[in-house]
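Trainee: Mind looking over this structure? Questions follow.
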Amino acid sequence: MQLSDLDINKTYTYADYLKWTFDERLELIKGKIFKMSPAPGSVHQIISAAVSNELYNYLKGKPCRVFSAPFDVRLIRRSMDDKDVTTVVQPDICVICDPKKVDAKGCIGSPDIVVEILSPGNNKKELKNKYEVYEEAGVLEYWIIHPVEKTFFKYILTDGAFQASKMLTISDEITTPILPGFILNLDELFTDQI
């Protein structure tokens with residue numbers, strides 16, 4: 001089977017997704033197929049590694065875990081059954097504090113923190129489509145990092161809806177009540193690029 005064999009107007013589930021054997025990486029958002037961008041560039045990967053490393057080092061010995069793409073996050077609407085899951089995303093980074101949400105296939109349910117690093121060509125998907133499913137699924141914090149503009153934006157779930165933080169940039173530090181004591185220094189993050 002090839003990607004071109006699929007009907008892009010059809011609604012698919014995680015059970016369908018598991019049967020696909022083609023090389024292209026895809027995500028399902030509310031049952032619709034979204035192609036993932038080509039392999040991320042070097043700046044994206046440097047930022048992803050730096051953020052993952054900071055989170056990993058902070059989380060040593062704590063119950064929360066950090067995962068990096070490719071890692072399937074199945075967001076639940078009706079049930080946890082593969083045939084009922086219609087949203088499967090691969091965030092650049094996610095933090096999961098409930099070990100029961102991690103299984104052999106990835107994450108089932110909403111991560112506590114999702115981090116997306118913008119790349120040319122994926123901004124609409126990250127900023128609109130994923131924003132909506134992350135909010136609906138109950139992701140507590142959604143972080144968006146824009147490497148070119150050297151900005152950081154955080155959405156915090158409050159009473160079931162995301163509330164935007166102010167835009168942060170070089171000289172700012174990122175903290176979160178989800179991870180007390182964690183600090184991500186944007187000076188270091190953005191000046192460590194190629």
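Ordered as shown in the structure tokens, chains take letters A, B, and onward, while each chain numbers its residues from 1 and ligands are numbered from 1 in the order shown.
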Name all residues at most 12 Å from range 2-19 of chain A (count only C-alpha atoms; drop same-chain ones fewer than 2 positions away) and give them as a PyMOL selection string.
Mentor: chain A and resi 21-35+72-77+79-89+105+108
Trainee: Convert the current residue selection to file output with N, CA and C atoms, as a compact mmCIF listing (two decimals), in the first residue's frame.
Mentor:
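So the final result, stored in again_4.txt, reads:
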# COMPACT_ATOMS: atom_id res chain seq x y z
N THR A 21 1.97 0.75 5.83
CA THR A 21 3.36 0.30 5.76
C THR A 21 4.25 1.20 4.90
N PHE A 22 3.73 2.31 4.42
CA PHE A 22 4.54 3.18 3.57
C PHE A 22 5.51 4.00 4.42
N ASP A 23 6.47 4.62 3.74
CA ASP A 23 7.57 5.31 4.43
C ASP A 23 7.20 6.69 4.95
N GLU A 24 6.25 7.36 4.33
CA GLU A 24 5.91 8.72 4.74
C GLU A 24 5.39 8.73 6.18
N ARG A 25 5.80 9.76 6.92
CA ARG A 25 5.29 9.93 8.29
C ARG A 25 4.03 10.78 8.23
N LEU A 26 3.01 10.32 8.93
CA LEU A 26 1.72 11.00 8.94
C LEU A 26 1.25 11.22 10.35
N GLU A 27 0.33 12.15 10.48
CA GLU A 27 -0.42 12.32 11.72
C GLU A 27 -1.89 12.29 11.34
N LEU A 28 -2.72 11.88 12.28
CA LEU A 28 -4.17 11.95 12.11
C LEU A 28 -4.69 13.01 13.06
N ILE A 29 -5.45 13.94 12.53
CA ILE A 29 -6.07 14.95 13.38
C ILE A 29 -7.56 14.90 13.09
N LYS A 30 -8.30 14.44 14.10
CA LYS A 30 -9.75 14.22 13.98
C LYS A 30 -10.07 13.35 12.77
N GLY A 31 -9.23 12.32 12.57
CA GLY A 31 -9.46 11.34 11.52
C GLY A 31 -8.93 11.72 10.15
N LYS A 32 -8.45 12.93 9.98
CA LYS A 32 -7.94 13.40 8.69
C LYS A 32 -6.42 13.24 8.64
N ILE A 33 -5.92 12.89 7.46
CA ILE A 33 -4.49 12.66 7.27
C ILE A 33 -3.76 13.98 7.07
N PHE A 34 -2.65 14.13 7.81
CA PHE A 34 -1.76 15.27 7.63
C PHE A 34 -0.36 14.72 7.44
N LYS A 35 0.26 15.06 6.30
CA LYS A 35 1.64 14.66 6.08
C LYS A 35 2.54 15.47 7.00
N ASP A 72 4.26 8.33 19.09
CA ASP A 72 2.82 8.50 18.88
C ASP A 72 2.11 8.91 20.15
N VAL A 73 1.35 9.99 20.04
CA VAL A 73 0.47 10.45 21.12
C VAL A 73 -0.95 10.30 20.60
N ARG A 74 -1.70 9.39 21.24
CA ARG A 74 -3.09 9.12 20.83
C ARG A 74 -4.01 9.89 21.77
N LEU A 75 -4.72 10.84 21.21
CA LEU A 75 -5.62 11.66 22.02
C LEU A 75 -7.01 11.03 22.00
N ILE A 76 -7.58 10.85 23.16
CA ILE A 76 -8.82 10.09 23.32
C ILE A 76 -10.03 11.00 23.26
N ARG A 77 -11.04 10.56 22.52
CA ARG A 77 -12.33 11.26 22.52
C ARG A 77 -13.42 10.38 23.13
N SER A 79 -13.10 6.39 23.44
CA SER A 79 -12.53 5.29 24.22
C SER A 79 -11.06 5.12 23.83
N MET A 80 -10.37 4.28 24.57
CA MET A 80 -8.95 4.04 24.31
C MET A 80 -8.74 2.97 23.24
N ASP A 81 -9.80 2.39 22.74
CA ASP A 81 -9.71 1.36 21.71
C ASP A 81 -9.16 1.97 20.42
N ASP A 82 -8.20 1.28 19.79
CA ASP A 82 -7.57 1.79 18.58
C ASP A 82 -8.57 2.22 17.50
N LYS A 83 -9.70 1.50 17.40
CA LYS A 83 -10.69 1.84 16.36
C LYS A 83 -11.48 3.10 16.68
N ASP A 84 -11.37 3.59 17.91
CA ASP A 84 -12.08 4.81 18.30
C ASP A 84 -11.17 6.04 18.36
N VAL A 85 -9.87 5.84 18.29
CA VAL A 85 -8.91 6.95 18.37
C VAL A 85 -8.73 7.53 16.97
N THR A 86 -9.08 8.81 16.80
CA THR A 86 -8.99 9.45 15.49
C THR A 86 -7.92 10.55 15.44
N THR A 87 -7.23 10.77 16.54
CA THR A 87 -6.14 11.75 16.54
C THR A 87 -4.88 11.10 17.07
N VAL A 88 -3.87 11.05 16.19
CA VAL A 88 -2.56 10.51 16.53
C VAL A 88 -1.54 11.54 16.05
N VAL A 89 -0.84 12.15 16.97
CA VAL A 89 0.14 13.18 16.62
C VAL A 89 1.51 12.76 17.13
N LYS A 105 3.04 1.39 22.65
CA LYS A 105 2.80 2.12 21.39
C LYS A 105 3.12 3.61 21.51
N ILE A 108 -1.14 7.22 25.48
CA ILE A 108 -2.59 7.16 25.28
C ILE A 108 -3.22 8.15 26.27
Trainee: Run DSSP on the backbone and give me the residues of chain A it puts in strand (DSSP E or B), as a VMD selection string.
Mentor: chain A and resid 26 to 29 32 to 35 65 to 68 73 to 75 87 to 89 93 to 96 102 to 103 106 to 108 113 to 117 141 to 146 151 to 158 161 to 164 168 to 169 173 to 174 184 to 185
Trainee: May I ask which of the residues A:Val115, A:Cys97, A:Leu179, A:Leu189 is the closest one to Trp143 in chain A, counting only C-alpha atoms?
Mentor: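 Of the candidates, the smallest distance to Trp143 in chain A is held by A:Val115.
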Trainee: Give me the residues of range 59-175 of chain A that have any atom at most 9 Å from an atom of range 38-51 of chain A; for each, the nearest atom pair and the distance in Å, rounded to one decimal. Use only C-alpha atoms, sort by chain and number, and format it as JSON lines.
Mentor:
{"residue": "A:Ser68", "atom": "CA", "partner": "A:Ser48", "partner_atom": "CA", "distance": 8.0}
{"residue": "A:Asp92", "atom": "CA", "partner": "A:Ser48", "partner_atom": "CA", "distance": 7.0}
{"residue": "A:Ile93", "atom": "CA", "partner": "A:Ser48", "partner_atom": "CA", "distance": 7.3}
{"residue": "A:Val115", "atom": "CA", "partner": "A:Ser48", "partner_atom": "CA", "distance": 8.9}
{"residue": "A:Glu116", "atom": "CA", "partner": "A:Ser48", "partner_atom": "CA", "distance": 8.9}
{"residue": "A:Ile117", "atom": "CA", "partner": "A:His44", "partner_atom": "CA", "distance": 6.6}
{"residue": "A:Leu118", "atom": "CA", "partner": "A:His44", "partner_atom": "CA", "distance": 7.8}
{"residue": "A:Ser119", "atom": "CA", "partner": "A:His44", "partner_atom": "CA", "distance": 7.1}
{"residue": "A:Ile145", "atom": "CA", "partner": "A:Ile47", "partner_atom": "CA", "distance": 8.7}
{"residue": "A:Pro147", "atom": "CA", "partner": "A:His44", "partner_atom": "CA", "distance": 7.0}
{"residue": "A:Val148", "atom": "CA", "partner": "A:Val43", "partner_atom": "CA", "distance": 8.8}
Trainee: Return the single residue from A:Ile170, A:Ser52, A:Tyr155, A:Lys100 that is closest to Tyr131 in chain A, with distances computed using only C-alpha atoms.
Mentor: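 For Tyr131 in chain A, the nearest of the candidates is A:Tyr155.
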Trainee: In Å to one decimal, how far is CA of Tyr134 in chain A from CA of Ile174 in chain A?
Mentor: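 Between CA of Ile174 in chain A and CA of Tyr134 in chain A the gap works out to 20.0 Å.
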Trainee: So which residues touch Ile113 in chain A within 8 Å, counting only C-alpha atoms, skipping near sequence neighbours fewer than 6 positions away, as a PDB file with all heavy atoms, in the first residue's frame?
Mentor:
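The result, stored in out26.pdb:
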ATOM      1  N   CYS A  94       7.278  15.824  24.332  1.00  0.00           N
ATOM      2  CA  CYS A  94       6.170  15.875  25.287  1.00  0.00           C
ATOM      3  C   CYS A  94       6.641  15.374  26.644  1.00  0.00           C
ATOM      4  O   CYS A  94       7.582  14.593  26.749  1.00  0.00           O
ATOM      5  CB  CYS A  94       4.945  15.102  24.789  1.00  0.00           C
ATOM      6  SG  CYS A  94       5.186  13.351  24.532  1.00  0.00           S
ATOM      7  N   VAL A  95       5.980  15.883  27.671  1.00  0.00           N
ATOM      8  CA  VAL A  95       6.247  15.480  29.045  1.00  0.00           C
ATOM      9  C   VAL A  95       4.982  14.823  29.569  1.00  0.00           C
ATOM     10  O   VAL A  95       3.890  15.396  29.476  1.00  0.00           O
ATOM     11  CB  VAL A  95       6.626  16.688  29.934  1.00  0.00           C
ATOM     12  CG1 VAL A  95       6.769  16.269  31.394  1.00  0.00           C
ATOM     13  CG2 VAL A  95       7.917  17.331  29.427  1.00  0.00           C
ATOM     14  N   ILE A  96       5.141  13.617  30.103  1.00  0.00           N
ATOM     15  CA  ILE A  96       4.004  12.845  30.615  1.00  0.00           C
ATOM     16  C   ILE A  96       4.296  12.508  32.069  1.00  0.00           C
ATOM     17  O   ILE A  96       5.314  11.876  32.377  1.00  0.00           O
ATOM     18  CB  ILE A  96       3.808  11.563  29.785  1.00  0.00           C
ATOM     19  CG1 ILE A  96       3.600  11.933  28.313  1.00  0.00           C
ATOM     20  CG2 ILE A  96       2.639  10.741  30.324  1.00  0.00           C
ATOM     21  CD1 ILE A  96       3.776  10.784  27.354  1.00  0.00           C
ATOM     22  N   VAL A 139      -4.407  18.981  27.262  1.00  0.00           N
ATOM     23  CA  VAL A 139      -2.966  19.195  27.466  1.00  0.00           C
ATOM     24  C   VAL A 139      -2.822  20.427  28.361  1.00  0.00           C
ATOM     25  O   VAL A 139      -3.407  21.473  28.082  1.00  0.00           O
ATOM     26  CB  VAL A 139      -2.249  19.395  26.111  1.00  0.00           C
ATOM     27  CG1 VAL A 139      -0.811  19.851  26.323  1.00  0.00           C
ATOM     28  CG2 VAL A 139      -2.306  18.116  25.284  1.00  0.00           C
ATOM     29  N   LEU A 140      -2.075  20.314  29.445  1.00  0.00           N
ATOM     30  CA  LEU A 140      -1.989  21.407  30.420  1.00  0.00           C
ATOM     31  C   LEU A 140      -1.201  22.607  29.895  1.00  0.00           C
ATOM     32  O   LEU A 140      -1.559  23.748  30.165  1.00  0.00           O
ATOM     33  CB  LEU A 140      -1.378  20.913  31.730  1.00  0.00           C
ATOM     34  CG  LEU A 140      -2.166  19.801  32.439  1.00  0.00           C
ATOM     35  CD1 LEU A 140      -1.434  19.346  33.693  1.00  0.00           C
ATOM     36  CD2 LEU A 140      -3.585  20.271  32.766  1.00  0.00           C
ATOM     37  N   GLU A 141      -0.109  22.334  29.160  1.00  0.00           N
ATOM     38  CA  GLU A 141       0.675  23.430  28.575  1.00  0.00           C
ATOM     39  C   GLU A 141       1.125  23.031  27.175  1.00  0.00           C
ATOM     40  O   GLU A 141       1.584  21.903  26.958  1.00  0.00           O
ATOM     41  CB  GLU A 141       1.901  23.772  29.427  1.00  0.00           C
ATOM     42  CG  GLU A 141       1.546  24.421  30.744  1.00  0.00           C
ATOM     43  CD  GLU A 141       2.756  24.969  31.495  1.00  0.00           C
ATOM     44  OE1 GLU A 141       3.878  24.966  30.951  1.00  0.00           O
ATOM     45  OE2 GLU A 141       2.560  25.398  32.648  1.00  0.00           O
ATOM     46  N   TYR A 142       0.992  23.973  26.261  1.00  0.00           N
ATOM     47  CA  TYR A 142       1.409  23.794  24.873  1.00  0.00           C
ATOM     48  C   TYR A 142       2.444  24.864  24.578  1.00  0.00           C
ATOM     49  O   TYR A 142       2.139  26.051  24.604  1.00  0.00           O
ATOM     50  CB  TYR A 142       0.182  23.925  23.965  1.00  0.00           C
ATOM     51  CG  TYR A 142       0.425  23.837  22.478  1.00  0.00           C
ATOM     52  CD1 TYR A 142       1.495  23.135  21.938  1.00  0.00           C
ATOM     53  CD2 TYR A 142      -0.456  24.434  21.603  1.00  0.00           C
ATOM     54  CE1 TYR A 142       1.683  23.055  20.571  1.00  0.00           C
ATOM     55  CE2 TYR A 142      -0.288  24.350  20.226  1.00  0.00           C
ATOM     56  CZ  TYR A 142       0.782  23.658  19.717  1.00  0.00           C
ATOM     57  OH  TYR A 142       0.966  23.575  18.369  1.00  0.00           O
ATOM     58  N   TRP A 143       3.694  24.432  24.366  1.00  0.00           N
ATOM     59  CA  TRP A 143       4.794  25.351  24.118  1.00  0.00           C
ATOM     60  C   TRP A 143       5.092  25.385  22.622  1.00  0.00           C
ATOM     61  O   TRP A 143       5.216  24.336  21.987  1.00  0.00           O
ATOM     62  CB  TRP A 143       6.063  24.904  24.829  1.00  0.00           C
ATOM     63  CG  TRP A 143       5.984  24.809  26.325  1.00  0.00           C
ATOM     64  CD1 TRP A 143       4.912  25.061  27.140  1.00  0.00           C
ATOM     65  CD2 TRP A 143       7.044  24.405  27.191  1.00  0.00           C
ATOM     66  NE1 TRP A 143       5.248  24.845  28.452  1.00  0.00           N
ATOM     67  CE2 TRP A 143       6.554  24.441  28.511  1.00  0.00           C
ATOM     68  CE3 TRP A 143       8.356  24.011  26.980  1.00  0.00           C
ATOM     69  CZ2 TRP A 143       7.331  24.100  29.613  1.00  0.00           C
ATOM     70  CZ3 TRP A 143       9.139  23.673  28.070  1.00  0.00           C
ATOM     71  CH2 TRP A 143       8.629  23.729  29.378  1.00  0.00           C
TER      72      TRP A 143
END
Trainee: Per DSSP on the backbone, filter chain A down to the residues in alpha helix (DSSP H) and report them as a PyMOL selection string.
Mentor: chain A and resi 14-19+42-59+123-124+131-137+186-191
Trainee: Atoms to include: N, CA and C atoms. Write the selected residues as a CSV table (one decimal), in the first residue's frame.
Mentor:
chain,number,residue,atom,x,y,z
A,14,TYR,N,-6.8,5.1,14.5
A,14,TYR,CA,-5.4,4.6,14.9
A,14,TYR,C,-5.3,3.1,14.4
A,15,ALA,N,-6.4,2.4,14.4
A,15,ALA,CA,-6.4,1.0,13.9
A,15,ALA,C,-6.0,1.0,12.5
A,16,ASP,N,-6.5,1.9,11.7
A,16,ASP,CA,-6.1,2.0,10.2
A,16,ASP,C,-4.6,2.4,10.2
A,17,TYR,N,-4.2,3.4,10.9
A,17,TYR,CA,-2.8,3.9,11.0
A,17,TYR,C,-1.8,2.8,11.2
A,18,LEU,N,-2.1,1.9,12.1
A,18,LEU,CA,-1.2,0.8,12.5
A,18,LEU,C,-1.0,-0.2,11.3
A,19,LYS,N,-1.9,-0.2,10.3
A,19,LYS,CA,-1.8,-1.1,9.2
A,19,LYS,C,-1.0,-0.5,8.1
A,42,SER,N,18.7,21.2,10.7
A,42,SER,CA,19.7,21.2,11.8
A,42,SER,C,19.3,22.1,13.0
A,43,VAL,N,18.8,23.3,12.7
A,43,VAL,CA,18.5,24.2,13.8
A,43,VAL,C,17.3,23.6,14.6
A,44,HIS,N,16.3,23.1,13.9
A,44,HIS,CA,15.2,22.4,14.6
A,44,HIS,C,15.8,21.3,15.5
A,45,GLN,N,16.7,20.5,15.0
A,45,GLN,CA,17.2,19.4,15.8
A,45,GLN,C,18.0,19.8,16.9
A,46,ILE,N,18.8,20.9,16.8
A,46,ILE,CA,19.6,21.4,17.9
A,46,ILE,C,18.7,21.9,19.0
A,47,ILE,N,17.7,22.6,18.6
A,47,ILE,CA,16.7,23.1,19.7
A,47,ILE,C,16.0,22.0,20.3
A,48,SER,N,15.5,21.0,19.5
A,48,SER,CA,14.8,19.9,20.1
A,48,SER,C,15.7,19.1,21.1
A,49,ALA,N,17.0,18.9,20.7
A,49,ALA,CA,17.9,18.1,21.6
A,49,ALA,C,18.2,18.9,22.8
A,50,ALA,N,18.3,20.2,22.7
A,50,ALA,CA,18.6,21.1,23.9
A,50,ALA,C,17.4,21.1,24.9
A,51,VAL,N,16.2,21.2,24.4
A,51,VAL,CA,15.0,21.3,25.2
A,51,VAL,C,14.8,19.9,25.9
A,52,SER,N,15.0,18.8,25.1
A,52,SER,CA,14.8,17.5,25.6
A,52,SER,C,15.8,17.2,26.7
A,53,ASN,N,17.1,17.6,26.4
A,53,ASN,CA,18.2,17.4,27.4
A,53,ASN,C,17.9,18.1,28.7
A,54,GLU,N,17.5,19.4,28.6
A,54,GLU,CA,17.1,20.1,29.8
A,54,GLU,C,16.0,19.4,30.6
A,55,LEU,N,15.0,19.0,29.9
A,55,LEU,CA,13.9,18.3,30.6
A,55,LEU,C,14.3,17.0,31.1
A,56,TYR,N,15.1,16.2,30.4
A,56,TYR,CA,15.6,14.9,30.8
A,56,TYR,C,16.4,15.0,32.1
A,57,ASN,N,17.3,16.0,32.1
A,57,ASN,CA,18.2,16.2,33.3
A,57,ASN,C,17.4,16.6,34.5
A,58,TYR,N,16.4,17.5,34.3
A,58,TYR,CA,15.5,17.9,35.4
A,58,TYR,C,14.7,16.8,35.9
A,59,LEU,N,14.2,15.9,35.0
A,59,LEU,CA,13.3,14.9,35.4
A,59,LEU,C,13.9,13.6,36.0
A,123,ASN,N,3.7,25.5,10.0
A,123,ASN,CA,3.2,26.5,11.0
A,123,ASN,C,1.7,26.5,11.1
A,124,LYS,N,0.9,26.3,10.0
A,124,LYS,CA,-0.5,26.3,10.1
A,124,LYS,C,-1.0,25.1,10.9
A,131,TYR,N,-3.3,23.0,17.9
A,131,TYR,CA,-3.8,23.8,19.1
A,131,TYR,C,-5.1,23.4,19.5
A,132,GLU,N,-6.0,23.2,18.5
A,132,GLU,CA,-7.4,22.8,18.8
A,132,GLU,C,-7.5,21.4,19.5
A,133,VAL,N,-6.8,20.4,18.9
A,133,VAL,CA,-6.8,19.1,19.5
A,133,VAL,C,-6.1,19.0,20.9
A,134,TYR,N,-5.1,19.7,21.0
A,134,TYR,CA,-4.4,19.7,22.3
A,134,TYR,C,-5.3,20.4,23.4
A,135,GLU,N,-5.9,21.5,23.0
A,135,GLU,CA,-6.9,22.1,24.0
A,135,GLU,C,-8.0,21.2,24.3
A,136,GLU,N,-8.7,20.6,23.3
A,136,GLU,CA,-9.8,19.7,23.6
A,136,GLU,C,-9.4,18.5,24.4
A,137,ALA,N,-8.2,18.0,24.2
A,137,ALA,CA,-7.7,16.8,24.9
A,137,ALA,C,-7.3,17.1,26.3
A,186,LEU,N,16.3,31.0,27.6
A,186,LEU,CA,16.2,31.2,26.1
A,186,LEU,C,17.4,31.8,25.5
A,187,ASP,N,18.2,32.5,26.3
A,187,ASP,CA,19.5,33.0,25.8
A,187,ASP,C,20.3,31.8,25.4
A,188,GLU,N,20.5,30.8,26.3
A,188,GLU,CA,21.3,29.6,25.9
A,188,GLU,C,20.6,28.8,24.8
A,189,LEU,N,19.3,28.7,24.8
A,189,LEU,CA,18.6,27.9,23.8
A,189,LEU,C,18.9,28.5,22.4
A,190,PHE,N,18.7,29.8,22.3
A,190,PHE,CA,18.7,30.4,20.9
A,190,PHE,C,20.1,30.8,20.5
A,191,THR,N,21.1,30.9,21.4
A,191,THR,CA,22.4,31.3,20.9
A,191,THR,C,23.3,30.0,20.6
Trainee: Given only C-alpha atoms as the basis, pick out the residue of A:Gly138, A:Pro180, A:Pro70, A:Pro91 nearest to Ser110 in chain A.
Mentor: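 Among the listed residues, A:Gly138 lies closest to Ser110 in chain A.
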Trainee: Using Å and a single decimal, report how far CA of Gln90 in chain A sits from CA of Phe153 in chain A.
Mentor: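 So the two atoms, CA of Phe153 in chain A and CA of Gln90 in chain A, lie 19.0 Å apart.
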Trainee: When distances are computed from only C-alpha atoms, which of A:Arg78, A:Lys62, A:Lys128, A:Lys154 shows the smallest separation from Thr175 in chain A?
Mentor: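 So, comparing all the options, the nearest one is A:Lys154.
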